[in-house]
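Student: The following file, model.csv, comprises CSV, C-alpha atoms:
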chain,number,residue,atom,x,y,z
W,1180,MET,CA,0.0,0.0,0.0
W,1181,TRP,CA,2.8,2.4,0.9
W,1182,ASN,CA,4.4,1.9,-2.5
W,1183,GLU,CA,1.2,2.9,-4.4
W,1184,LEU,CA,0.6,5.8,-2.1
W,1185,PHE,CA,4.1,7.1,-2.8
W,1186,VAL,CA,3.4,7.0,-6.5
W,1187,ALA,CA,0.0,8.7,-6.1
W,1188,VAL,CA,1.4,11.6,-4.0
W,1189,LEU,CA,4.3,12.0,-6.4
W,1190,ALA,CA,1.9,12.1,-9.4
W,1191,LEU,CA,-0.3,14.7,-7.7
W,1192,CYS,CA,2.7,17.0,-7.0
W,1193,LEU,CA,4.1,16.7,-10.5
W,1194,VAL,CA,0.7,17.4,-12.2
W,1195,GLN,CA,0.4,20.6,-10.2
W,1196,LEU,CA,4.0,21.6,-11.1
W,1197,LEU,CA,3.5,21.0,-14.8
W,1198,ARG,CA,0.2,22.9,-14.9
W,1199,TRP,CA,1.8,26.0,-13.4
W,1200,CYS,CA,4.9,25.8,-15.6
W,1201,PHE,CA,3.0,25.3,-18.8
W,1202,ARG,CA,1.1,28.4,-18.1
W,1203,ALA,CA,3.9,30.7,-16.8
W,1204,LEU,CA,7.2,29.7,-18.3
W,1205,PRO,CA,6.7,30.9,-21.9
W,1206,ASN,CA,6.5,34.4,-20.5
W,1207,GLU,CA,9.6,36.7,-20.8
W,1208,LYS,CA,10.1,37.2,-17.0
W,1209,TRP,CA,10.7,33.5,-16.4
W,1210,GLN,CA,14.0,33.3,-18.3
W,1211,ILE,CA,16.5,35.3,-16.1
W,1212,LEU,CA,16.6,34.3,-12.4
W,1213,GLY,CA,19.1,36.8,-11.4
W,1214,CYS,CA,22.3,38.8,-12.3
W,1215,ILE,CA,25.7,39.0,-10.7
W,1216,PRO,CA,27.8,42.2,-11.3
W,1217,LEU,CA,31.2,41.2,-12.7
W,1218,SER,CA,33.1,44.3,-13.8
W,1219,LYS,CA,32.5,48.0,-14.2
W,1220,GLU,CA,31.6,49.3,-17.7
W,1221,GLY,CA,31.5,53.0,-16.8
W,1222,SER,CA,31.2,55.2,-13.8
W,1223,ASP,CA,27.9,53.8,-12.7
W,1224,ARG,CA,27.2,50.7,-14.8
W,1225,TRP,CA,28.3,47.1,-14.3
W,1226,LYS,CA,28.6,44.1,-16.7
W,1227,GLY,CA,26.5,41.3,-15.4
W,1228,LEU,CA,26.4,37.5,-15.5
W,1229,ASN,CA,22.9,36.2,-16.0
W,1230,LEU,CA,21.7,33.2,-14.0
W,1231,THR,CA,18.8,31.4,-15.6
W,1232,TYR,CA,15.6,29.5,-14.6
W,1233,TYR,CA,16.9,27.0,-17.1
W,1234,GLY,CA,19.7,26.2,-14.8
W,1235,LEU,CA,17.3,26.0,-11.8
W,1236,PHE,CA,15.0,23.5,-13.5
W,1237,VAL,CA,17.9,21.4,-14.8
W,1238,SER,CA,19.5,21.3,-11.4
W,1239,ALA,CA,16.1,20.4,-9.9
W,1240,ALA,CA,15.7,17.6,-12.5
W,1241,VAL,CA,19.2,16.1,-11.8
W,1242,VAL,CA,18.6,16.3,-8.0
W,1243,ALA,CA,15.2,14.6,-8.4
W,1244,ALA,CA,16.8,11.8,-10.6
W,1245,THR,CA,19.6,11.3,-8.1
W,1246,TRP,CA,17.2,11.3,-5.2
W,1247,MET,CA,15.1,8.7,-7.1
W,1248,ILE,CA,18.1,6.4,-7.6
W,1249,PHE,CA,18.9,6.6,-3.8
W,1250,VAL,CA,15.3,5.8,-2.9
W,1251,LEU,CA,14.8,2.9,-5.4
W,1252,MET,CA,18.1,1.2,-4.6
W,1253,GLY,CA,17.6,1.8,-0.9
W,1254,SER,CA,14.2,0.2,-1.2
W,1255,ILE,CA,15.9,-3.1,-2.1
W,1256,GLY,CA,18.6,-2.9,0.6
W,1257,VAL,CA,21.6,-1.6,-1.4
W,1258,PRO,CA,23.8,0.5,1.0
W,1259,ILE,CA,23.9,4.2,0.3
W,1260,GLY,CA,27.7,4.1,0.2
W,1261,ILE,CA,27.9,1.8,-2.8
W,1262,ILE,CA,25.2,3.8,-4.5
W,1263,GLY,CA,27.3,7.0,-4.0
W,1264,VAL,CA,30.4,5.3,-5.5
W,1265,LEU,CA,28.3,4.3,-8.6
W,1266,LEU,CA,26.9,7.8,-9.1
W,1267,LEU,CA,30.3,9.3,-8.8
W,1268,LEU,CA,31.4,7.3,-11.8
W,1269,ILE,CA,28.3,8.0,-13.8
W,1270,LEU,CA,27.2,11.6,-13.2
W,1271,PRO,CA,30.4,13.5,-14.2
W,1272,VAL,CA,30.6,11.6,-17.5
W,1273,TRP,CA,27.0,12.2,-18.2
W,1274,ALA,CA,27.3,15.9,-17.5
W,1275,LEU,CA,30.3,16.2,-19.8
W,1276,ALA,CA,28.4,14.3,-22.5
W,1277,THR,CA,25.6,16.9,-22.4
W,1278,LYS,CA,28.0,19.5,-23.7
W,1279,LEU,CA,30.3,17.4,-25.9
W,1280,THR,CA,27.5,15.7,-27.8
W,1281,ALA,CA,25.8,19.0,-28.6
W,1282,ARG,CA,29.1,20.4,-29.7
W,1283,LEU,CA,29.7,17.5,-32.1
W,1284,VAL,CA,26.2,17.5,-33.5
W,1285,GLU,CA,25.2,21.2,-33.5
W,1286,LYS,CA,28.8,22.7,-33.8
W,1287,LYS,CA,28.0,25.2,-31.0
W,1288,LEU,CA,30.1,25.8,-27.9
W,1289,HIS,CA,27.4,27.0,-25.5
W,1290,THR,CA,24.6,24.6,-25.7
W,1291,PHE,CA,23.5,21.3,-24.0
W,1292,THR,CA,21.7,18.2,-25.0
W,1293,ILE,CA,20.0,15.8,-22.5
W,1294,GLY,CA,18.6,13.6,-25.3
W,1295,GLY,CA,22.1,13.0,-26.9
W,1296,ALA,CA,23.7,12.4,-23.5
W,1297,THR,CA,21.1,9.7,-22.8
W,1298,PHE,CA,22.7,7.4,-25.3
W,1299,VAL,CA,26.1,7.9,-23.5
W,1300,LEU,CA,24.3,7.1,-20.2
W,1301,LEU,CA,23.1,3.8,-21.6
W,1302,LEU,CA,26.6,2.9,-22.7
W,1303,ILE,CA,28.5,3.8,-19.5
W,1304,THR,CA,26.0,2.4,-16.9
W,1305,PRO,CA,26.9,-1.4,-17.2
W,1306,PRO,CA,30.7,-0.8,-17.1
W,1307,ALA,CA,30.2,1.5,-14.1
W,1308,VAL,CA,28.2,-1.2,-12.3
W,1309,PHE,CA,30.9,-3.8,-13.0
W,1310,LEU,CA,33.6,-1.4,-11.8
W,1311,THR,CA,31.7,-0.5,-8.7
W,1312,ASN,CA,31.1,-4.1,-7.8
W,1313,ALA,CA,34.8,-4.9,-8.3
W,1314,LEU,CA,36.2,-1.9,-6.3
W,1315,ALA,CA,33.6,-1.1,-3.7
W,1316,GLY,CA,31.6,-4.4,-3.5
W,1317,PRO,CA,34.0,-6.2,-1.2
W,1318,LYS,CA,34.2,-3.3,1.2
W,1319,PHE,CA,30.5,-3.0,1.6
W,1320,GLY,CA,29.9,-6.7,1.4
W,1321,VAL,CA,27.3,-6.4,-1.3
W,1322,GLN,CA,27.0,-6.4,-5.1
W,1323,VAL,CA,24.9,-3.9,-7.0
W,1324,PRO,CA,22.3,-6.0,-8.9
W,1325,MET,CA,22.5,-5.0,-12.6
W,1326,LEU,CA,18.9,-5.2,-13.8
W,1327,PRO,CA,17.4,-3.5,-10.8
W,1328,PHE,CA,19.9,-0.7,-11.1
W,1329,LEU,CA,19.3,-0.3,-14.8
W,1330,ALA,CA,15.6,-0.1,-14.0
W,1331,ALA,CA,16.2,2.5,-11.3
W,1332,MET,CA,18.4,4.5,-13.6
W,1333,ALA,CA,15.8,4.3,-16.3
W,1334,VAL,CA,13.0,5.5,-14.0
W,1335,ALA,CA,15.1,8.3,-12.6
W,1336,TYR,CA,16.1,9.4,-16.1
W,1337,THR,CA,12.5,9.4,-17.3
W,1338,MET,CA,11.2,11.4,-14.4
W,1339,GLY,CA,14.2,13.7,-14.5
W,1340,GLU,CA,13.8,14.4,-18.2
W,1341,GLY,CA,10.1,15.2,-17.6
W,1342,ILE,CA,11.1,17.9,-15.1
W,1343,GLY,CA,14.1,19.0,-17.1
W,1344,ARG,CA,12.0,19.8,-20.1
W,1345,LEU,CA,10.5,22.6,-18.1
W,1346,ALA,CA,13.9,24.3,-18.4
W,1347,CYS,CA,13.5,24.4,-22.2
W,1348,ILE,CA,10.1,26.2,-21.9
W,1349,SER,CA,11.8,28.8,-19.7
W,1350,PHE,CA,14.7,29.4,-22.0
W,1351,GLY,CA,12.6,29.0,-25.2
W,1352,CYS,CA,14.8,26.3,-26.6
W,1353,CYS,CA,13.8,22.9,-28.1
W,1354,TYR,CA,10.8,24.6,-29.5
W,1355,GLY,CA,8.1,23.3,-31.8
W,1356,LYS,CA,7.0,24.3,-35.3
W,1357,PRO,CA,4.6,27.1,-35.9
W,1358,ILE,CA,1.1,25.7,-35.8
W,1359,SER,CA,0.2,27.6,-39.0
W,1360,GLN,CA,2.9,25.6,-40.9
W,1361,CYS,CA,1.7,22.2,-39.6
W,1362,GLY,CA,-0.8,19.8,-41.3
W,1363,PRO,CA,-4.5,20.0,-40.6
W,1364,THR,CA,-4.5,17.3,-37.9
W,1365,ILE,CA,-1.8,19.0,-35.9
W,1366,ARG,CA,-3.5,22.4,-36.3
W,1367,ARG,CA,-6.8,20.9,-35.2
W,1368,ILE,CA,-5.2,19.3,-32.1
W,1369,PHE,CA,-3.1,22.3,-30.9
W,1370,GLU,CA,-4.9,25.3,-32.2
W,1371,ARG,CA,-5.4,27.6,-29.2
W,1372,HIS,CA,-3.4,25.2,-27.1
W,1373,GLY,CA,0.1,26.1,-28.4
W,1374,PHE,CA,2.9,28.1,-26.7
W,1375,ILE,CA,3.4,31.7,-27.4
W,1376,PHE,CA,6.9,32.8,-26.2
W,1377,THR,CA,7.6,36.4,-25.4
W,1378,GLY,CA,11.0,38.1,-25.0
W,1379,LYS,CA,13.8,38.7,-27.5
W,1380,THR,CA,16.4,36.9,-25.4
W,1381,LYS,CA,14.5,33.6,-25.7
W,1382,LYS,CA,16.3,31.2,-28.0
W,1383,ILE,CA,13.1,30.8,-30.2
W,1384,ALA,CA,13.4,34.6,-30.8
W,1385,TYR,CA,17.0,35.1,-31.6
W,1386,GLU,CA,17.5,31.8,-33.5
W,1387,SER,CA,14.3,31.6,-35.6
W,1388,GLY,CA,12.3,34.8,-35.0
W,1389,LEU,CA,9.2,32.8,-33.8
W,1390,ASP,CA,8.5,34.7,-30.7
W,1391,GLU,CA,4.9,36.0,-30.4
W,1392,GLN,CA,3.8,33.1,-32.7
W,1393,GLU,CA,1.8,30.1,-31.7
W,1394,VAL,CA,4.0,27.0,-31.9
W,1395,VAL,CA,3.5,23.3,-31.1
W,1396,PRO,CA,4.0,23.0,-27.3
W,1397,ILE,CA,6.5,20.2,-27.9
W,1398,GLN,CA,8.3,20.8,-24.6
W,1399,ALA,CA,5.1,20.4,-22.6
W,1400,ILE,CA,4.1,17.3,-24.5
W,1401,THR,CA,7.6,15.7,-24.0
W,1402,SER,CA,7.5,16.6,-20.3
W,1403,SER,CA,4.0,15.0,-19.9
W,1404,VAL,CA,5.0,11.9,-21.8
W,1405,HIS,CA,8.0,11.4,-19.7
W,1406,ILE,CA,6.2,11.9,-16.4
W,1407,VAL,CA,3.5,9.4,-17.3
W,1408,LEU,CA,6.0,6.9,-18.5
W,1409,GLY,CA,8.1,7.4,-15.4
W,1410,LEU,CA,5.2,6.9,-13.0
W,1411,ALA,CA,4.2,3.7,-14.9
W,1412,ALA,CA,7.7,2.4,-14.8
W,1413,LEU,CA,7.9,3.3,-11.1
W,1414,LEU,CA,4.9,1.1,-10.4
W,1415,LEU,CA,6.4,-1.7,-12.3
W,1416,TYR,CA,9.6,-1.3,-10.3
W,1417,PHE,CA,7.7,-1.5,-7.0
W,1418,HIS,CA,6.2,-4.8,-8.2
W,1419,SER,CA,9.7,-6.2,-8.9
W,1420,ALA,CA,9.1,-6.0,-12.7
W,1421,PHE,CA,12.6,-4.7,-13.2
W,1422,PHE,CA,12.9,-5.9,-16.8
W,1423,SER,CA,9.6,-4.3,-17.8
W,1424,ALA,CA,10.4,-1.0,-16.0
W,1425,PHE,CA,13.8,-0.7,-17.7
W,1426,VAL,CA,12.5,-1.6,-21.2
W,1427,LEU,CA,9.4,0.5,-21.0
W,1428,SER,CA,11.2,3.6,-19.8
W,1429,MET,CA,14.1,3.5,-22.3
W,1430,THR,CA,12.3,2.3,-25.4
W,1431,ALA,CA,9.3,4.5,-25.0
W,1432,THR,CA,11.3,7.7,-24.2
W,1433,GLN,CA,13.7,7.1,-27.1
W,1434,GLY,CA,10.9,6.2,-29.4
W,1435,TRP,CA,9.2,9.5,-28.5
W,1436,ARG,CA,12.5,11.3,-29.1
W,1437,VAL,CA,12.5,9.9,-32.7
W,1438,PHE,CA,8.9,11.0,-33.4
W,1439,SER,CA,9.0,14.4,-31.5
W,1440,GLU,CA,11.9,15.6,-33.6
W,1441,THR,CA,9.4,15.8,-36.5
W,1442,LEU,CA,7.4,18.5,-34.6
W,1443,ARG,CA,10.4,20.7,-33.7
W,1444,ALA,CA,11.7,23.7,-35.5
W,1445,ASP,CA,15.0,24.4,-33.7
W,1446,TYR,CA,18.4,23.5,-35.2
W,1447,ARG,CA,19.6,20.0,-34.3
W,1448,GLY,CA,22.2,19.3,-36.9
W,1449,GLY,CA,21.8,18.8,-40.6
W,1450,GLY,CA,19.9,16.1,-42.5
W,1451,LYS,CA,16.3,15.0,-42.6
W,1452,ILE,CA,17.1,12.4,-39.9
W,1453,THR,CA,19.1,14.0,-37.1
W,1454,ALA,CA,21.9,12.5,-35.2
W,1455,TYR,CA,19.8,12.6,-32.1
W,1456,GLN,CA,17.1,10.5,-33.8
W,1457,VAL,CA,19.8,8.0,-34.8
W,1458,MET,CA,21.2,7.8,-31.3
W,1459,ALA,CA,17.6,7.3,-29.9
W,1460,GLY,CA,17.0,4.5,-32.4
W,1461,LEU,CA,20.3,2.8,-31.4
W,1462,GLY,CA,19.4,3.3,-27.8
W,1463,ILE,CA,16.2,1.3,-28.3
W,1464,VAL,CA,18.1,-1.6,-29.9
W,1465,TYR,CA,20.8,-1.4,-27.2
W,1466,THR,CA,18.2,-1.3,-24.4
W,1467,VAL,CA,16.4,-4.5,-25.6
W,1468,LEU,CA,19.7,-6.4,-26.1
W,1469,LEU,CA,21.0,-5.3,-22.7
W,1470,ALA,CA,17.8,-6.3,-21.0
W,1471,LEU,CA,17.8,-9.7,-22.7
W,1472,PHE,CA,21.3,-10.6,-21.8
W,1473,VAL,CA,21.7,-9.2,-18.3
W,1474,PRO,CA,21.5,-12.0,-15.7
W,1475,VAL,CA,18.5,-11.9,-13.4
W,1476,GLN,CA,19.5,-11.7,-9.7
W,1477,ALA,CA,17.2,-12.4,-6.8
W,1478,VAL,CA,16.5,-9.3,-4.7
W,1479,CYS,CA,14.0,-8.5,-2.0
W,1480,ARG,CA,10.7,-6.8,-2.9
W,1481,PRO,CA,11.1,-3.0,-3.1
W,1482,ASP,CA,9.9,-1.2,0.1
W,1483,ILE,CA,9.4,2.5,-0.3
W,1484,VAL,CA,9.6,3.0,3.5
W,1485,ALA,CA,13.1,1.5,3.5
W,1486,GLY,CA,14.0,3.6,0.5
W,1487,VAL,CA,12.9,6.9,2.0
W,1488,ALA,CA,14.6,6.0,5.3
W,1489,ALA,CA,17.9,5.7,3.5
W,1490,LEU,CA,17.7,9.4,2.6
W,1491,TRP,CA,18.0,10.5,6.2
W,1492,HIS,CA,21.7,10.2,6.2
W,1493,PRO,CA,24.1,13.2,6.2
W,1494,GLY,CA,26.0,11.8,3.3
W,1495,VAL,CA,22.9,11.6,1.1
W,1496,ILE,CA,21.7,15.1,2.1
W,1497,LEU,CA,25.1,16.6,1.4
W,1498,ALA,CA,25.5,14.7,-1.9
W,1499,LEU,CA,22.1,16.0,-3.2
W,1500,GLN,CA,23.0,19.5,-2.2
W,1501,ALA,CA,26.4,19.2,-4.0
W,1502,VAL,CA,24.7,17.7,-7.1
W,1503,GLY,CA,22.2,20.6,-7.2
W,1504,PHE,CA,24.7,23.3,-6.7
W,1505,GLY,CA,27.2,21.8,-9.2
W,1506,THR,CA,24.5,21.3,-11.8
W,1507,PHE,CA,23.3,24.9,-11.4
W,1508,LEU,CA,26.9,26.3,-11.8
W,1509,PHE,CA,27.3,24.1,-14.9
W,1510,SER,CA,24.0,24.9,-16.7
W,1511,GLY,CA,22.6,28.0,-15.0
W,1512,ARG,CA,25.2,30.6,-16.1
W,1513,SER,CA,24.0,32.1,-19.4
W,1514,MET,CA,26.7,32.3,-22.0
W,1515,VAL,CA,24.4,33.6,-24.8
W,1516,THR,CA,22.8,36.6,-23.0
W,1517,ALA,CA,24.3,39.6,-21.2
W,1518,SER,CA,23.2,42.3,-18.8
W,1519,SER,CA,24.1,45.8,-17.8
W,1520,LEU,CA,23.4,46.8,-14.3
W,1521,SER,CA,23.2,50.1,-12.4
W,1522,PHE,CA,22.7,50.8,-8.7
W,1523,ASN,CA,21.3,53.9,-7.0
W,1524,VAL,CA,20.4,55.0,-3.5
W,1525,LEU,CA,16.7,55.7,-2.6
W,1526,GLU,CA,16.9,59.1,-1.1
W,1527,ASP,CA,13.4,58.9,0.5
W,1528,LYS,CA,14.4,55.7,2.4
W,1529,ILE,CA,17.5,57.1,4.1
Re-express the file's structure as structure tokens.

Tutor:
Amino acid sequence: MWNELFVAVLALCLVQLLRWCFRALPNEKWQILGCIPLSKEGSDRWKGLNLTYYGLFVSAAVVAATWMIFVLMGSIGVPIGIIGVLLLLILPVWALATKLTARLVEKKLHTFTIGGATFVLLLITPPAVFLTNALAGPKFGVQVPMLPFLAAMAVAYTMGEGIGRLACISFGCCYGKPISQCGPTIRRIFERHGFIFTGKTKKIAYESGLDEQEVVPIQAITSSVHIVLGLAALLLYFHSAFFSAFVLSMTATQGWRVFSETLRADYRGGGKITAYQVMAGLGIVYTVLLALFVPVQAVCRPDIVAGVAALWHPGVILALQAVGFGTFLFSGRSMVTASSLSFNVLEDKI
């Protein structure tokens, strides 16, 4: 009962979050979170570094995904120490891949791709598990079960991607095609339900000039698809259906990636079939093969109470704070917008 209640409460919270974000984030004021003065440009003006809501939502998504892995692995009795070692091997490589993959595909220095990094995540996870079991397994007296960890990673990625797509709404990236340029079916479905982005510093404005135009709300659809899939896979995980949770999460999300690219208008590399679609297709094949050949290990039935209890450890709390802060520093400093600041004294307040 507690497992199902956890999923229900999580679903309710996420629905409320998505409803507010879909309504508010396309607006101009939800792009820049704050500015830090860096150097003087004149007698009373400063050059500023912009901090973005994009970085805030990305860091929230990564923290949520990391939190989910701790909860799910803790629910089957895996010690938090060995989970921490495993994440230390995976997260830095994944973070680096978000920039390098985008640089290789889009030829841009200051951009990120979560979708492209997912393929790298799939590739590095099995070796990371083997290495962790070899190095840390003897110390902790336990081995990380491969299939349950793959399932936990897949659930965490799917939920994290659902939250992370909210960052794209805020920054105006990963945007959809103008509804006026779509076929009659798409126009009928999304007419009066599309996104209208405001603000000349949003990517949709400076890259394609599509601000103030109604576009397919592809970020909202992708976010919703991932959240629904993540919740479904979470239920499967709690019923010990690790194979199904892993395969459903990864094949469905990567299949959606292949299709959703056809509704997007942003630049994602040349060619009718993008590199990201190719990587997503390969990810589906790799997921199925990996799931079929990974040996099944007997583990206890997941217990959400034990999983949540594992969070009340100073190491976990500090780790989540470090992940959030590091991710925000990595993704929240805008390299494509600038600001000019001035400060003055309010004479009537003295």

Student: Env of W:Val1478: 10 Å cut, atoms = all atoms listed in the file, seq-sep filter 3 positions within chain, self excluded. Answer as a ChimeraX atom specification.

Tutor: /W:1255-1257,1324,1327,1419,1475,1481

Student: Which polymer residues have any atom within 7 Å of an atom of W:Gln1433, counting only C-alpha atoms, with same-chain residues fewer than 4 positions away left out, as a list in words?

Tutor: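 Residues meeting the cut-off are Met1429, Val1437, Ala1459, Gly1460, Gly1462 and Ile1463 of chain W.
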
Student: Quote the spacing between atom CA of W:Leu1497 and atom CA of W:Thr1290 in Å to one decimal place.

Tutor: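 Answer for the atom CA of W:Leu1497 to atom CA of W:Thr1290 separation: 28.3 Å.
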
Student: Which is closer to W:Val1404 than all the others in W:Arg1367, W:Arg1447, W:Arg1344, W:Arg1282, using all atoms listed in the file?

Tutor: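 Result for the nearest residue to W:Val1404: W:Arg1344.
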
Student: At what distance in Å, to one decimal, does atom CA of W:Leu1230 lie from atom CA of W:Ser1519?

Tutor: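 Computing the Euclidean distance for atom CA of W:Ser1519 and atom CA of W:Leu1230 yields 13.4 Å.
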